[in-house]
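A quick write-up on the structure given underneath.
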Amino acid sequence: MTTSYSLNNDSQAAKVLNELYAEAEKQRSGAGNRLTAEAGAVLTPLERFTALKHRYMPIDRPFGNLMYSLLQASQAKTIVEFGTSFGISTIFLAAAARDNGFGKVITTEFIAEKAERARENLTRAGLVDWVEFRVGDALQTLSDPLPGPIDFLFLDGEKSLYLDVVRRVEPQMATGCLIASDNTDHQGAEPYLQYMRDPQQGYVSTPILTQGGPKAHSGHEISIRL
């Protein structure tokens with residue numbers, strides 16, 4: 001394990017994160033927020049994500065730092081992410097892999113344009129070599145072989161697909177696999193939460209809240225595969 005900490009304020013990864021969060025905040029406070037509300041109300045999930053392909057939807061910093069810490073503590077080798085977007089969360093994941101000195105982030109994004117932007121951002125952050133990008137429907141892209149048993153799974157795409165993604169990769173989870181899911185207080189996550197909190201499904205799961213971003217708090221779920 002290396003002694004560097006990739007998210008120190010003077011690191012390249014931290015500088016790129018600061019830039020991306022600043023861009024996200026500028027975009028959020030602009031007139032485009034009306035589009036977000038309208039799209040969420042009148043479009044299907046697929047139509048909504050396509051309509052909002054130019055918009056940031058970042059995780060808050062405290063949750064990113066928590067995932068970095070969990071990855072450092074668990075020494076995860078195979079890290080899977082559902083929902084790359086512009087790569088903000090991917091930077092936290094890849095920074096942990098690099099600072100551990102091993103591991104790979106397999107990240108999947110439905111929108112090719114967003115995946116390309118994420119690749120550019122990870123390149124600028126000096127972390128692209130720790131990431132494998134997969135573009136398309138996650139239920140298909142995650143059917144392709146992985147480097148090894150999944151040690152850490154991060155869910156941050158369409159909430160109604162969380163359960164489908166978990167079931168798709170469940171046979172590839174290592175015992176002790178950590179599952180971190182974002183925005184589980186949003187509509188569509190209920191079946192996933194019910195499944196993860198059912199002891200008969202083989203998980204221990206608990207909700208958490210973090211502060212940061214445009215809301216007073218954000219809801220998440222942290223689970224472990226028994």
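Starting from 1 in every chain, residues are counted up; chains themselves are A, B, ... following the order of the structure tokens, and ligands are numbered from 1 as listed.
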
Would you pick out the contacts of segment 105-108 of chain A at 10 Å or less, using only C-alpha atoms, so that residues sharing its chain but fewer than 2 positions from it are not included, and give the list as a PDB file with N, CA and C atoms, in the first residue's frame?
ATOM      1  N   ALA A  76     -10.356  -3.461  -1.411  1.00  0.00           N
ATOM      2  CA  ALA A  76     -11.105  -4.019  -2.538  1.00  0.00           C
ATOM      3  C   ALA A  76     -10.258  -4.034  -3.806  1.00  0.00           C
ATOM      4  N   LYS A  77     -10.368  -5.117  -4.559  1.00  0.00           N
ATOM      5  CA  LYS A  77      -9.622  -5.258  -5.812  1.00  0.00           C
ATOM      6  C   LYS A  77     -10.507  -5.017  -7.035  1.00  0.00           C
ATOM      7  N   THR A  78     -11.674  -5.651  -7.066  1.00  0.00           N
ATOM      8  CA  THR A  78     -12.583  -5.460  -8.192  1.00  0.00           C
ATOM      9  C   THR A  78     -13.730  -4.566  -7.743  1.00  0.00           C
ATOM     10  N   ILE A  79     -13.798  -3.381  -8.343  1.00  0.00           N
ATOM     11  CA  ILE A  79     -14.756  -2.345  -7.968  1.00  0.00           C
ATOM     12  C   ILE A  79     -15.666  -2.088  -9.165  1.00  0.00           C
ATOM     13  N   VAL A  80     -16.962  -2.220  -8.975  1.00  0.00           N
ATOM     14  CA  VAL A  80     -17.917  -2.048 -10.072  1.00  0.00           C
ATOM     15  C   VAL A  80     -18.796  -0.845  -9.775  1.00  0.00           C
ATOM     16  N   GLU A  81     -18.982  -0.017 -10.803  1.00  0.00           N
ATOM     17  CA  GLU A  81     -19.824   1.175 -10.668  1.00  0.00           C
ATOM     18  C   GLU A  81     -20.926   1.157 -11.717  1.00  0.00           C
ATOM     19  N   PHE A  82     -22.163   1.319 -11.277  1.00  0.00           N
ATOM     20  CA  PHE A  82     -23.317   1.457 -12.168  1.00  0.00           C
ATOM     21  C   PHE A  82     -23.689   2.930 -12.236  1.00  0.00           C
ATOM     22  N   GLY A  83     -23.377   3.582 -13.370  1.00  0.00           N
ATOM     23  CA  GLY A  83     -23.707   4.991 -13.547  1.00  0.00           C
ATOM     24  C   GLY A  83     -22.483   5.880 -13.462  1.00  0.00           C
ATOM     25  N   THR A  84     -21.677   5.902 -14.523  1.00  0.00           N
ATOM     26  CA  THR A  84     -20.449   6.698 -14.534  1.00  0.00           C
ATOM     27  C   THR A  84     -20.736   8.187 -14.519  1.00  0.00           C
ATOM     28  N   SER A  85     -21.711   8.612 -15.312  1.00  0.00           N
ATOM     29  CA  SER A  85     -21.993  10.021 -15.559  1.00  0.00           C
ATOM     30  C   SER A  85     -20.716  10.699 -16.054  1.00  0.00           C
ATOM     31  N   GLY A  87     -18.007  11.116 -14.252  1.00  0.00           N
ATOM     32  CA  GLY A  87     -16.833  10.533 -13.625  1.00  0.00           C
ATOM     33  C   GLY A  87     -16.448  11.090 -12.272  1.00  0.00           C
ATOM     34  N   THR A  90     -16.389   8.227  -9.980  1.00  0.00           N
ATOM     35  CA  THR A  90     -15.339   7.321 -10.445  1.00  0.00           C
ATOM     36  C   THR A  90     -13.972   7.777  -9.964  1.00  0.00           C
ATOM     37  N   ILE A  91     -13.773   9.078  -9.844  1.00  0.00           N
ATOM     38  CA  ILE A  91     -12.492   9.600  -9.344  1.00  0.00           C
ATOM     39  C   ILE A  91     -12.253   9.132  -7.911  1.00  0.00           C
ATOM     40  N   LEU A  93     -13.429   6.425  -6.530  1.00  0.00           N
ATOM     41  CA  LEU A  93     -13.187   4.985  -6.562  1.00  0.00           C
ATOM     42  C   LEU A  93     -11.786   4.672  -7.093  1.00  0.00           C
ATOM     43  N   ALA A  94     -11.420   5.319  -8.195  1.00  0.00           N
ATOM     44  CA  ALA A  94     -10.118   5.047  -8.802  1.00  0.00           C
ATOM     45  C   ALA A  94      -8.975   5.560  -7.937  1.00  0.00           C
ATOM     46  N   ALA A  95      -9.195   6.658  -7.230  1.00  0.00           N
ATOM     47  CA  ALA A  95      -8.159   7.174  -6.330  1.00  0.00           C
ATOM     48  C   ALA A  95      -7.863   6.163  -5.229  1.00  0.00           C
ATOM     49  N   ALA A  96      -8.915   5.510  -4.727  1.00  0.00           N
ATOM     50  CA  ALA A  96      -8.703   4.495  -3.685  1.00  0.00           C
ATOM     51  C   ALA A  96      -7.931   3.305  -4.237  1.00  0.00           C
ATOM     52  N   ALA A  97      -8.272   2.876  -5.458  1.00  0.00           N
ATOM     53  CA  ALA A  97      -7.547   1.757  -6.066  1.00  0.00           C
ATOM     54  C   ALA A  97      -6.070   2.113  -6.237  1.00  0.00           C
ATOM     55  N   GLY A 103      -5.982  -3.066  -7.907  1.00  0.00           N
ATOM     56  CA  GLY A 103      -7.425  -3.009  -8.120  1.00  0.00           C
ATOM     57  C   GLY A 103      -7.792  -2.363  -9.444  1.00  0.00           C
ATOM     58  N   PHE A 110     -24.678   4.399 -19.685  1.00  0.00           N
ATOM     59  CA  PHE A 110     -25.576   4.186 -20.822  1.00  0.00           C
ATOM     60  C   PHE A 110     -25.316   5.174 -21.951  1.00  0.00           C
ATOM     61  N   ILE A 111     -25.018   6.432 -21.611  1.00  0.00           N
ATOM     62  CA  ILE A 111     -24.835   7.497 -22.599  1.00  0.00           C
ATOM     63  C   ILE A 111     -23.369   7.576 -23.010  1.00  0.00           C
ATOM     64  N   ALA A 112     -23.088   7.297 -24.280  1.00  0.00           N
ATOM     65  CA  ALA A 112     -21.701   7.258 -24.757  1.00  0.00           C
ATOM     66  C   ALA A 112     -21.013   8.603 -24.587  1.00  0.00           C
ATOM     67  N   ALA A 115     -19.823   8.968 -21.078  1.00  0.00           N
ATOM     68  CA  ALA A 115     -18.693   8.075 -20.824  1.00  0.00           C
ATOM     69  C   ALA A 115     -17.394   8.681 -21.361  1.00  0.00           C
ATOM     70  N   VAL A 128      -6.921   7.375 -15.136  1.00  0.00           N
ATOM     71  CA  VAL A 128      -7.613   6.619 -16.177  1.00  0.00           C
ATOM     72  C   VAL A 128      -7.091   5.182 -16.291  1.00  0.00           C
ATOM     73  N   ASP A 129      -5.831   4.954 -15.933  1.00  0.00           N
ATOM     74  CA  ASP A 129      -5.271   3.600 -16.042  1.00  0.00           C
ATOM     75  C   ASP A 129      -5.877   2.635 -15.034  1.00  0.00           C
ATOM     76  N   TRP A 130      -6.598   3.162 -14.064  1.00  0.00           N
ATOM     77  CA  TRP A 130      -7.208   2.315 -13.035  1.00  0.00           C
ATOM     78  C   TRP A 130      -8.674   2.025 -13.335  1.00  0.00           C
ATOM     79  N   VAL A 131      -9.141   2.437 -14.519  1.00  0.00           N
ATOM     80  CA  VAL A 131     -10.568   2.347 -14.841  1.00  0.00           C
ATOM     81  C   VAL A 131     -10.774   1.648 -16.182  1.00  0.00           C
ATOM     82  N   GLU A 132     -11.783   0.772 -16.216  1.00  0.00           N
ATOM     83  CA  GLU A 132     -12.270   0.188 -17.471  1.00  0.00           C
ATOM     84  C   GLU A 132     -13.669   0.716 -17.713  1.00  0.00           C
ATOM     85  N   PHE A 133     -13.861   1.359 -18.864  1.00  0.00           N
ATOM     86  CA  PHE A 133     -15.156   1.957 -19.196  1.00  0.00           C
ATOM     87  C   PHE A 133     -15.967   0.996 -20.064  1.00  0.00           C
ATOM     88  N   ARG A 134     -17.229   0.816 -19.679  1.00  0.00           N
ATOM     89  CA  ARG A 134     -18.154   0.016 -20.482  1.00  0.00           C
ATOM     90  C   ARG A 134     -19.368   0.879 -20.790  1.00  0.00           C
ATOM     91  N   VAL A 135     -19.758   0.897 -22.065  1.00  0.00           N
ATOM     92  CA  VAL A 135     -20.834   1.784 -22.512  1.00  0.00           C
ATOM     93  C   VAL A 135     -22.017   0.954 -22.991  1.00  0.00           C
ATOM     94  N   GLY A 136     -23.206   1.333 -22.509  1.00  0.00           N
ATOM     95  CA  GLY A 136     -24.419   0.641 -22.929  1.00  0.00           C
ATOM     96  C   GLY A 136     -25.280   0.264 -21.732  1.00  0.00           C
ATOM     97  N   ASP A 137     -26.238  -0.592 -21.975  1.00  0.00           N
ATOM     98  CA  ASP A 137     -27.143  -1.092 -20.944  1.00  0.00           C
ATOM     99  C   ASP A 137     -26.335  -1.895 -19.921  1.00  0.00           C
ATOM    100  N   ALA A 138     -26.361  -1.472 -18.665  1.00  0.00           N
ATOM    101  CA  ALA A 138     -25.560  -2.121 -17.630  1.00  0.00           C
ATOM    102  C   ALA A 138     -25.904  -3.594 -17.469  1.00  0.00           C
ATOM    103  N   LEU A 139     -27.147  -3.956 -17.719  1.00  0.00           N
ATOM    104  CA  LEU A 139     -27.528  -5.363 -17.582  1.00  0.00           C
ATOM    105  C   LEU A 139     -26.854  -6.225 -18.640  1.00  0.00           C
ATOM    106  N   GLN A 140     -26.388  -5.588 -19.709  1.00  0.00           N
ATOM    107  CA  GLN A 140     -25.627  -6.300 -20.731  1.00  0.00           C
ATOM    108  C   GLN A 140     -24.126  -6.143 -20.515  1.00  0.00           C
ATOM    109  N   THR A 141     -23.675  -4.909 -20.257  1.00  0.00           N
ATOM    110  CA  THR A 141     -22.231  -4.681 -20.119  1.00  0.00           C
ATOM    111  C   THR A 141     -21.659  -5.406 -18.907  1.00  0.00           C
ATOM    112  N   LEU A 142     -22.460  -5.557 -17.853  1.00  0.00           N
ATOM    113  CA  LEU A 142     -21.971  -6.241 -16.666  1.00  0.00           C
ATOM    114  C   LEU A 142     -22.126  -7.759 -16.769  1.00  0.00           C
ATOM    115  N   LEU A 146     -15.525 -10.136 -15.652  1.00  0.00           N
ATOM    116  CA  LEU A 146     -14.900  -9.147 -14.772  1.00  0.00           C
ATOM    117  C   LEU A 146     -13.524  -9.663 -14.358  1.00  0.00           C
ATOM    118  N   PRO A 147     -12.647  -8.774 -13.878  1.00  0.00           N
ATOM    119  CA  PRO A 147     -11.289  -9.195 -13.497  1.00  0.00           C
ATOM    120  C   PRO A 147     -11.246 -10.218 -12.372  1.00  0.00           C
ATOM    121  N   ILE A 150     -16.409  -9.578  -7.307  1.00  0.00           N
ATOM    122  CA  ILE A 150     -16.670  -8.175  -6.984  1.00  0.00           C
ATOM    123  C   ILE A 150     -16.499  -7.958  -5.479  1.00  0.00           C
ATOM    124  N   PHE A 152     -16.514  -4.580  -4.284  1.00  0.00           N
ATOM    125  CA  PHE A 152     -17.212  -3.323  -3.976  1.00  0.00           C
ATOM    126  C   PHE A 152     -18.085  -2.966  -5.167  1.00  0.00           C
ATOM    127  N   LEU A 153     -19.361  -2.699  -4.889  1.00  0.00           N
ATOM    128  CA  LEU A 153     -20.321  -2.311  -5.919  1.00  0.00           C
ATOM    129  C   LEU A 153     -20.922  -0.968  -5.542  1.00  0.00           C
ATOM    130  N   PHE A 154     -20.860  -0.015  -6.483  1.00  0.00           N
ATOM    131  CA  PHE A 154     -21.463   1.298  -6.261  1.00  0.00           C
ATOM    132  C   PHE A 154     -22.596   1.492  -7.252  1.00  0.00           C
ATOM    133  N   GLY A 157     -27.068   4.889 -10.754  1.00  0.00           N
ATOM    134  CA  GLY A 157     -27.772   5.125 -12.008  1.00  0.00           C
ATOM    135  C   GLY A 157     -29.267   5.248 -11.749  1.00  0.00           C
TER     136      GLY A 157
END

Find the spatial neighbours of Pro199 of chain A, counting only C-alpha atoms, within a cut-off of 12 Å - ignore same-chain residues fewer than 6 positions away - and output them as a PDB file with all heavy atoms, in the first residue's frame.
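File part.pdb, as written:
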ATOM      1  N   LEU A 193     -34.434  -1.531  -1.799  1.00  0.00           N
ATOM      2  CA  LEU A 193     -34.234  -1.438  -0.351  1.00  0.00           C
ATOM      3  C   LEU A 193     -34.909  -2.603   0.369  1.00  0.00           C
ATOM      4  O   LEU A 193     -34.357  -3.164   1.318  1.00  0.00           O
ATOM      5  CB  LEU A 193     -34.758  -0.100   0.172  1.00  0.00           C
ATOM      6  CG  LEU A 193     -34.011   1.138  -0.313  1.00  0.00           C
ATOM      7  CD1 LEU A 193     -34.697   2.402   0.199  1.00  0.00           C
ATOM      8  CD2 LEU A 193     -32.554   1.111   0.148  1.00  0.00           C
ATOM      9  N   SER A 205     -27.800  -4.638   5.844  1.00  0.00           N
ATOM     10  CA  SER A 205     -27.926  -3.359   5.147  1.00  0.00           C
ATOM     11  C   SER A 205     -28.455  -2.286   6.082  1.00  0.00           C
ATOM     12  O   SER A 205     -29.293  -2.563   6.955  1.00  0.00           O
ATOM     13  CB  SER A 205     -28.881  -3.521   3.948  1.00  0.00           C
ATOM     14  OG  SER A 205     -28.840  -2.408   3.096  1.00  0.00           O
ATOM     15  N   THR A 206     -27.962  -1.068   5.894  1.00  0.00           N
ATOM     16  CA  THR A 206     -28.412   0.030   6.758  1.00  0.00           C
ATOM     17  C   THR A 206     -28.414   1.339   5.986  1.00  0.00           C
ATOM     18  O   THR A 206     -27.547   1.567   5.126  1.00  0.00           O
ATOM     19  CB  THR A 206     -27.503   0.162   7.998  1.00  0.00           C
ATOM     20  OG1 THR A 206     -28.067   1.102   8.907  1.00  0.00           O
ATOM     21  CG2 THR A 206     -26.104   0.631   7.619  1.00  0.00           C
ATOM     22  N   SER A 223     -24.454  -1.780   2.344  1.00  0.00           N
ATOM     23  CA  SER A 223     -24.796  -3.180   2.551  1.00  0.00           C
ATOM     24  C   SER A 223     -23.556  -4.037   2.432  1.00  0.00           C
ATOM     25  O   SER A 223     -22.564  -3.644   1.794  1.00  0.00           O
ATOM     26  CB  SER A 223     -25.837  -3.644   1.516  1.00  0.00           C
ATOM     27  OG  SER A 223     -26.870  -2.690   1.354  1.00  0.00           O
ATOM     28  N   ILE A 224     -23.607  -5.215   3.031  1.00  0.00           N
ATOM     29  CA  ILE A 224     -22.500  -6.182   2.914  1.00  0.00           C
ATOM     30  C   ILE A 224     -23.076  -7.548   2.587  1.00  0.00           C
ATOM     31  O   ILE A 224     -24.107  -7.954   3.135  1.00  0.00           O
ATOM     32  CB  ILE A 224     -21.646  -6.221   4.207  1.00  0.00           C
ATOM     33  CG1 ILE A 224     -20.423  -7.113   3.982  1.00  0.00           C
ATOM     34  CG2 ILE A 224     -22.469  -6.667   5.406  1.00  0.00           C
ATOM     35  CD1 ILE A 224     -19.395  -7.014   5.083  1.00  0.00           C
ATOM     36  N   ARG A 225     -22.421  -8.230   1.661  1.00  0.00           N
ATOM     37  CA  ARG A 225     -22.829  -9.569   1.250  1.00  0.00           C
ATOM     38  C   ARG A 225     -22.258 -10.594   2.224  1.00  0.00           C
ATOM     39  O   ARG A 225     -21.057 -10.629   2.463  1.00  0.00           O
ATOM     40  CB  ARG A 225     -22.314  -9.863  -0.167  1.00  0.00           C
ATOM     41  CG  ARG A 225     -22.704 -11.223  -0.714  1.00  0.00           C
ATOM     42  CD  ARG A 225     -24.196 -11.295  -0.945  1.00  0.00           C
ATOM     43  NE  ARG A 225     -24.571 -12.483  -1.725  1.00  0.00           N
ATOM     44  CZ  ARG A 225     -25.814 -12.940  -1.793  1.00  0.00           C
ATOM     45  NH1 ARG A 225     -26.806 -12.338  -1.152  1.00  0.00           N
ATOM     46  NH2 ARG A 225     -26.092 -14.003  -2.524  1.00  0.00           N
ATOM     47  N   LEU A 226     -23.137 -11.392   2.806  1.00  0.00           N
ATOM     48  CA  LEU A 226     -22.699 -12.383   3.791  1.00  0.00           C
ATOM     49  C   LEU A 226     -22.232 -13.667   3.104  1.00  0.00           C
ATOM     50  O   LEU A 226     -22.580 -13.932   1.967  1.00  0.00           O
ATOM     51  CB  LEU A 226     -23.853 -12.689   4.753  1.00  0.00           C
ATOM     52  CG  LEU A 226     -24.383 -11.494   5.536  1.00  0.00           C
ATOM     53  CD1 LEU A 226     -25.546 -11.930   6.426  1.00  0.00           C
ATOM     54  CD2 LEU A 226     -23.271 -10.858   6.372  1.00  0.00           C
TER      55      LEU A 226
END

Subject >> Close residues, Leu17 of chain A itself excluded, 9 Å, only C-alpha atoms, min 2 positions apart in chain, as a list in words >> reply: Leu7, Gln12, Ala13, Ala14, Lys15, Glu19, Leu20, Tyr21, Ala22, Ile88, Ile91, Phe92, Asn121 and Ala125 of chain A

Subject >> Which residue of A:Ala73, A:Asn18, A:Ser160, A:Gln200 approaches Asn100 of chain A most closely, using only C-alpha atoms >> reply: A:Ala73

**OP:** Write down as a ChimeraX atom specification the residues belonging to segment 77-176 of chain A that are assigned helix (DSSP H, G or I) by DSSP computed on the backbone.
**Re:** /A:88-100,112-124,128-130,138-141,159-172

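Reported to one decimal place, the separation of atom CA of Ser181 of chain A from atom CA of Met67 of chain A is 10.2 Å.
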
**OP:** Name the closest residue to Asn65 of chain A among the candidates A:Ser6, A:Pro171, A:Thr184, A:Ser29; distances are taken between atoms, counting only C-alpha atoms.
**Re:**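 Using only C-alpha atoms, Asn65 of chain A sits closest to A:Ser6.
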
Original post:
For Ala189 of chain A, which of A:Gln211, A:Cys177, A:Glu120, A:Leu161 is the closest residue, counting only C-alpha atoms?
Top reply: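 Counting only C-alpha atoms, the residue closest to Ala189 of chain A is A:Leu161.
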
Subject >> Point-to-point distance in Å for atom CA of Pro145 of chain A and atom CA of Val204 of chain A >> reply: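 Answer for the atom CA of Val204 of chain A to atom CA of Pro145 of chain A separation: 26.5 Å.
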
Subject >> Pairwise distance for atom CA of Lys159 of chain A and atom CA of Asp185 of chain A, rounded to one decimal in Å >> reply: 9.6 Å

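Among the candidates A:Phe102, A:Tyr162, A:Phe63, A:Tyr203, the residue lying nearest to Ser89 of chain A is A:Phe63 (atoms considered: only C-alpha atoms).
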